[in-house]
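Asks: Can you read through this structure? Questions will come right after.
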Amino acid sequence: MLYVQSIERAREATIGREGVSEAALGAALARTEAALKVVRGWHADGSLPLLGLPAESADVAALKPIVERFAGATDLVFLGTGGSALGGQTVAQLADHLVPGAAPFRAGPRIHFMDNLDPLSFAALLAHVPLATARFIAISKSGGTGETLMQTIAVLDALKKAGLEARIPELVFGLSEPAKPGKKNGLRTLLEGFGVTMMEHHTGVGGRFSVLTNVGLLPALALGLDAQAIRAGAKEVMDAVLSGKPAAEVAPALGAATALALAEERGKTISVVMAYADRLAMFTKWYVQLWAESLGKEGHGTTPVGALGPVDQHSQLQLYLAGPKDKFFTVITTGVKGKGPKLDPELSKIAGEPDFGGRTIGDLVAAQGRATADTLAKNGLPTRTIHVETLDERSLGALLMHFMLETIIAAQLLGIDAFDQPAVEEGKILAKQYLAES
Ligand SMILES: O=P(O)(O)OC[C@H]1O[C@](O)(CO)[C@@H](O)[C@@H]1O
């Protein structure tokens with residue numbers, strides 16, 4: 001198994017009355033059998049293409065010629081937001097993207113995910129990025145997201161003003177849904193007008209579920225990662241779902257049942273995912289969108305919170321341990337024992353920490369992850385642990401698939417559609433209206 005999940009510290013039998021009772025978990029698991037059946041049916045009839053992706057590889061191979069066109073680039077600038085950026089960034093962290101201490105020294109092109117629209121940041125990018133040697137990749141499933149359209153227009157304009165208009169088809173790439181009669185796709189129309197190569201966003205895979213498509217795997221390949229291994233890891237989890245085993249033995253099903261039972265029985269309306277690895281920081285942000293946008297409907301949903309260990313022990317843990325008992329915790333650890341600098345015994349003694357001597361930084365981080373899970377449990381707070389011994393493409397693929405399946409199964413249990421986000425549209429329309437009036 002690429003990861004090991006345990007819900008023992010979420011059970012009433014282990015932690016007391018804030019934990020899920022056997023009866024409530026049993027009932028949720030019984031409902032989960034039906035949800036699993038639905039998911040297996042969707043896989044069999046192909047009606048949810050995401051479920052078949054882990055077994056595919058031809059589409060990944062087809063990205064090679066695009067990635068070859070990035071060769072020699074000084075900068076790769078990804079334009080896009082939400083599901084069009086979070087999966088790519090999550091995967092890119094395996095190649096040290098946004099990893100303190102490592103990111104500035106990584107070989108290869110500089111990576112920019114301009115996912116948040118901030119005028120000062122975007123102006124800074126355009127002022128500093130060498131336009132002639134950068135590649136710009138605009139990603140939007142709908143092709144109508146205001147942030148992405150604005151960024152793309154600004155880039156095209158900058159290229160034109162720099163006398164690079166003739167090179168736009170070489171420097172700019174697009175990724176969006178195929179043209180549909182009667183459906184506006186501003187990004188596609190704009191870029192095609194400049195002769196830009198357009199890649200197709202899978203029509204059957206929603207943005208926040210798109211990390212295993214070209215949306216997440218193009219950045220992976222561009223950073224030299226093994227995209228097929230990401231798919232292979234995801235396939236192991238999908239295979240477990242298809243194995244026909246009972247829900248209690250299928251990790252994403254057990255996770256969904258536990259989360260839902262804790263929300264219903266014990267009022268755990270906040271789901272904190274705390275990962276003890278810098279390279280999982282974006283994973284927690286990806287999870288937040290996935291869980292929030294998929295389940296926050298019709299008065300349902302629990303509020304996802306991403307946290308990073310050990311740093312957030314020094315900001316959030318006090319609240320988690322002594323604040324309202326409204327949270328379900330997931331602590332994700334990796335096999336860091338023995339990793340990193342080994343500490344000098346003499347210096348450790350002088351610092352008043354003789355036990356640090358001969359130990360590695362990874363030894364401490366491993367101990368901290370374990371201690372946090374145990375402390376939460378000792379305080380009667382329901383905690384699931386997920387351990388990934390080796391964080392690499394395969395295990396990340398497995399984690400991504402686990403959480404996508406857990407979310408889909410949770411939506412089934414709640415009787416809601418995991419794949420739309422109708423409430424967000426209202427604000428988008430209003431913002432465009434205010435802009436027109438300004
Ligand atoms: O990929 P698109 O269509 O630009 O959408 C970006 C994001 O905006 C949302 O539609 C929400 O506003 C997300 O669901 C999506 O991931």
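Each chain in the structure tokens gets a letter, A, B, ..., in the order shown, and its residues are numbered from 1; ligands are numbered from 1 in order too.
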List the spatial neighbours of region 36-44 of chain A as a list in words - criterion: any atom at most 8 Å away, only C-alpha atoms, same-chain residues fewer than 5 positions off excluded.
Replies: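 Counting only the stated atoms, we get Pro49, Leu51, Gly52, Val241, Leu242, Ala247, Ala253 and Ile409 of chain A.
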Asks: Which residues of chain A come within 8 Å of ligand 1, and what is each one's closest atom pair and distance in Å (one decimal), counting only C-alpha atoms and all ligand atoms, sorted by chain and residue number, as a tab-separated table?
Replies:
```
residue	atom	partner	partner_atom_place_in_ligand_line	distance
A:Gly80	CA	ligand 1	4 (O)	6.2
A:Thr81	CA	ligand 1	6 (C)	5.1
A:Gly82	CA	ligand 1	16 (O)	4.0
A:Gly83	CA	ligand 1	16 (O)	3.4
A:Ser84	CA	ligand 1	1 (O)	4.7
A:Ala85	CA	ligand 1	16 (O)	7.9
A:Ile139	CA	ligand 1	1 (O)	6.5
A:Ser140	CA	ligand 1	4 (O)	3.5
A:Lys141	CA	ligand 1	1 (O)	3.8
A:Ser142	CA	ligand 1	3 (O)	3.6
A:Gly143	CA	ligand 1	3 (O)	5.6
A:Gly144	CA	ligand 1	3 (O)	6.2
A:Thr145	CA	ligand 1	4 (O)	4.5
A:Gly146	CA	ligand 1	4 (O)	7.9
A:Thr148	CA	ligand 1	4 (O)	6.5
A:Ser176	CA	ligand 1	1 (O)	7.7
A:Gly206	CA	ligand 1	14 (O)	7.5
A:Gly207	CA	ligand 1	16 (O)	4.4
A:Arg208	CA	ligand 1	16 (O)	5.1
A:Glu293	CA	ligand 1	14 (O)	6.9
A:Asp420	CA	ligand 1	14 (O)	7.5
A:Gln421	CA	ligand 1	14 (O)	6.2
A:Val424	CA	ligand 1	12 (O)	5.4
A:Glu425	CA	ligand 1	12 (O)	6.5
A:Lys428	CA	ligand 1	12 (O)	7.2
```
Asks: Neighbouring residues of Ala134 (chain A) were defined as those with any atom within 10 Å, considering only C-alpha atoms; residues of the same chain fewer than 3 positions away were excluded. Please report them as a count of residues only.
Replies: 17
Asks: So what do you get for CA of Ile429 (chain A) versus CA of Pro181 (chain A), distance-wise?
Replies: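 The value is 21.8 Å.
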Asks: Taking into account only C-alpha atoms, which residue in the set A:Leu187, A:Met198, A:Ala58, A:Leu225 is nearest to Arg394 (chain A)?
Replies: A:Leu225
Asks: Do you know which residues are at most 10 Å from region 60-64 of chain A counting only C-alpha atoms, after dropping those on the same chain fewer than 4 positions away, and could you put them as a VMD selection string?
Replies: chain A and resid 56 68 to 69 199 212 to 214 217 to 218 221 to 222 227 to 228 231
Asks: May I have the residues from that selection written out with N, CA and C atoms, as a tab-separated table (two decimals), in the first residue's frame?
Replies:
```tsv
chain	number	residue	atom	x	y	z
A	56	GLU	N	-5.40	4.99	-17.90
A	56	GLU	CA	-5.04	5.48	-19.25
A	56	GLU	C	-3.62	6.02	-19.27
A	68	GLU	N	8.14	19.46	-25.03
A	68	GLU	CA	9.39	19.69	-25.77
A	68	GLU	C	9.50	21.15	-26.23
A	69	ARG	N	8.35	21.76	-26.43
A	69	ARG	CA	8.37	23.17	-26.88
A	69	ARG	C	8.69	24.13	-25.73
A	199	MET	N	-4.72	23.10	-26.12
A	199	MET	CA	-4.93	21.73	-25.64
A	199	MET	C	-6.37	21.64	-25.13
A	212	LEU	N	-5.43	14.79	-12.47
A	212	LEU	CA	-4.87	13.63	-13.20
A	212	LEU	C	-5.00	13.78	-14.71
A	213	THR	N	-5.54	14.91	-15.16
A	213	THR	CA	-5.63	15.18	-16.61
A	213	THR	C	-4.43	16.06	-17.00
A	214	ASN	N	-4.47	16.54	-18.24
A	214	ASN	CA	-3.39	17.42	-18.69
A	214	ASN	C	-3.24	18.66	-17.80
A	217	LEU	N	-1.02	17.22	-15.12
A	217	LEU	CA	0.12	16.43	-15.58
A	217	LEU	C	1.03	17.18	-16.55
A	218	LEU	N	0.51	18.21	-17.21
A	218	LEU	CA	1.40	19.03	-18.06
A	218	LEU	C	2.45	19.74	-17.18
A	221	LEU	N	5.02	17.10	-16.09
A	221	LEU	CA	5.99	16.74	-17.13
A	221	LEU	C	6.97	17.88	-17.37
A	222	ALA	N	6.45	19.11	-17.36
A	222	ALA	CA	7.32	20.27	-17.62
A	222	ALA	C	8.40	20.40	-16.55
A	227	ALA	N	4.79	11.54	-14.82
A	227	ALA	CA	3.33	11.68	-14.78
A	227	ALA	C	2.64	10.31	-14.81
A	228	GLN	N	3.26	9.35	-15.51
A	228	GLN	CA	2.64	8.02	-15.56
A	228	GLN	C	2.65	7.37	-14.17
A	231	ARG	N	-0.32	8.57	-12.25
A	231	ARG	CA	-1.49	7.79	-12.65
A	231	ARG	C	-1.45	6.38	-12.02
```
Asks: Using only C-alpha atoms, find each residue in region 255-305 of chain A having at least one atom no more than 12 Å away from region 349-368 of chain A; report its shortest atom-to-atom pair and that distance in Å (one decimal), rows by chain then rising number, as a tab-separated table.
Replies:
```
residue	atom	partner	partner_atom	distance
A:Met274	CA	A:Gln368	CA	11.9
A:Ala275	CA	A:Val365	CA	11.1
A:Tyr276	CA	A:Val365	CA	7.4
A:Ala277	CA	A:Val365	CA	8.9
A:Asp278	CA	A:Val365	CA	11.4
```
Asks: Could you save the residues just selected, with N, CA and C atoms, as an mmCIF file, in the first residue's frame?
Replies:
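File written: again38.cif
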```
data_model
loop_
_atom_site.group_PDB
_atom_site.id
_atom_site.type_symbol
_atom_site.label_atom_id
_atom_site.label_comp_id
_atom_site.auth_asym_id
_atom_site.auth_seq_id
_atom_site.Cartn_x
_atom_site.Cartn_y
_atom_site.Cartn_z
ATOM 1 N N MET A 274 -3.895 18.245 8.360
ATOM 2 C CA MET A 274 -2.590 18.789 8.748
ATOM 3 C C MET A 274 -1.498 17.867 8.232
ATOM 4 N N ALA A 275 -0.704 18.380 7.304
ATOM 5 C CA ALA A 275 0.334 17.551 6.682
ATOM 6 C C ALA A 275 1.705 17.947 7.212
ATOM 7 N N TYR A 276 2.482 16.950 7.597
ATOM 8 C CA TYR A 276 3.827 17.203 8.116
ATOM 9 C C TYR A 276 4.860 17.084 7.001
ATOM 10 N N ALA A 277 4.754 17.947 5.987
ATOM 11 C CA ALA A 277 5.741 17.947 4.901
ATOM 12 C C ALA A 277 5.544 19.215 4.085
ATOM 13 N N ASP A 278 6.608 19.952 3.879
ATOM 14 C CA ASP A 278 6.502 21.168 3.053
ATOM 15 C C ASP A 278 5.947 20.828 1.664
#
```
Asks: Using only C-alpha atoms, which protein or nucleic acid residues come within 9 Å of Gly306 (chain A)? Drop anything in the same chain fewer than 3 positions from it, and give the result as a list of chain:residue names.
Replies: A:Ser271, A:Val272, A:Val273, A:Met274, A:Ala275, A:Ala281, A:Met282, A:Phe283, A:Thr284, A:Lys285, A:Trp286, A:Tyr287, A:Val288
Asks: What gap, in Å, lies between CA of Ala95 (chain A) and CA of Gln151 (chain A)?
Replies: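 Value for the CA of Ala95 (chain A)-CA of Gln151 (chain A) distance: 25.1 Å.
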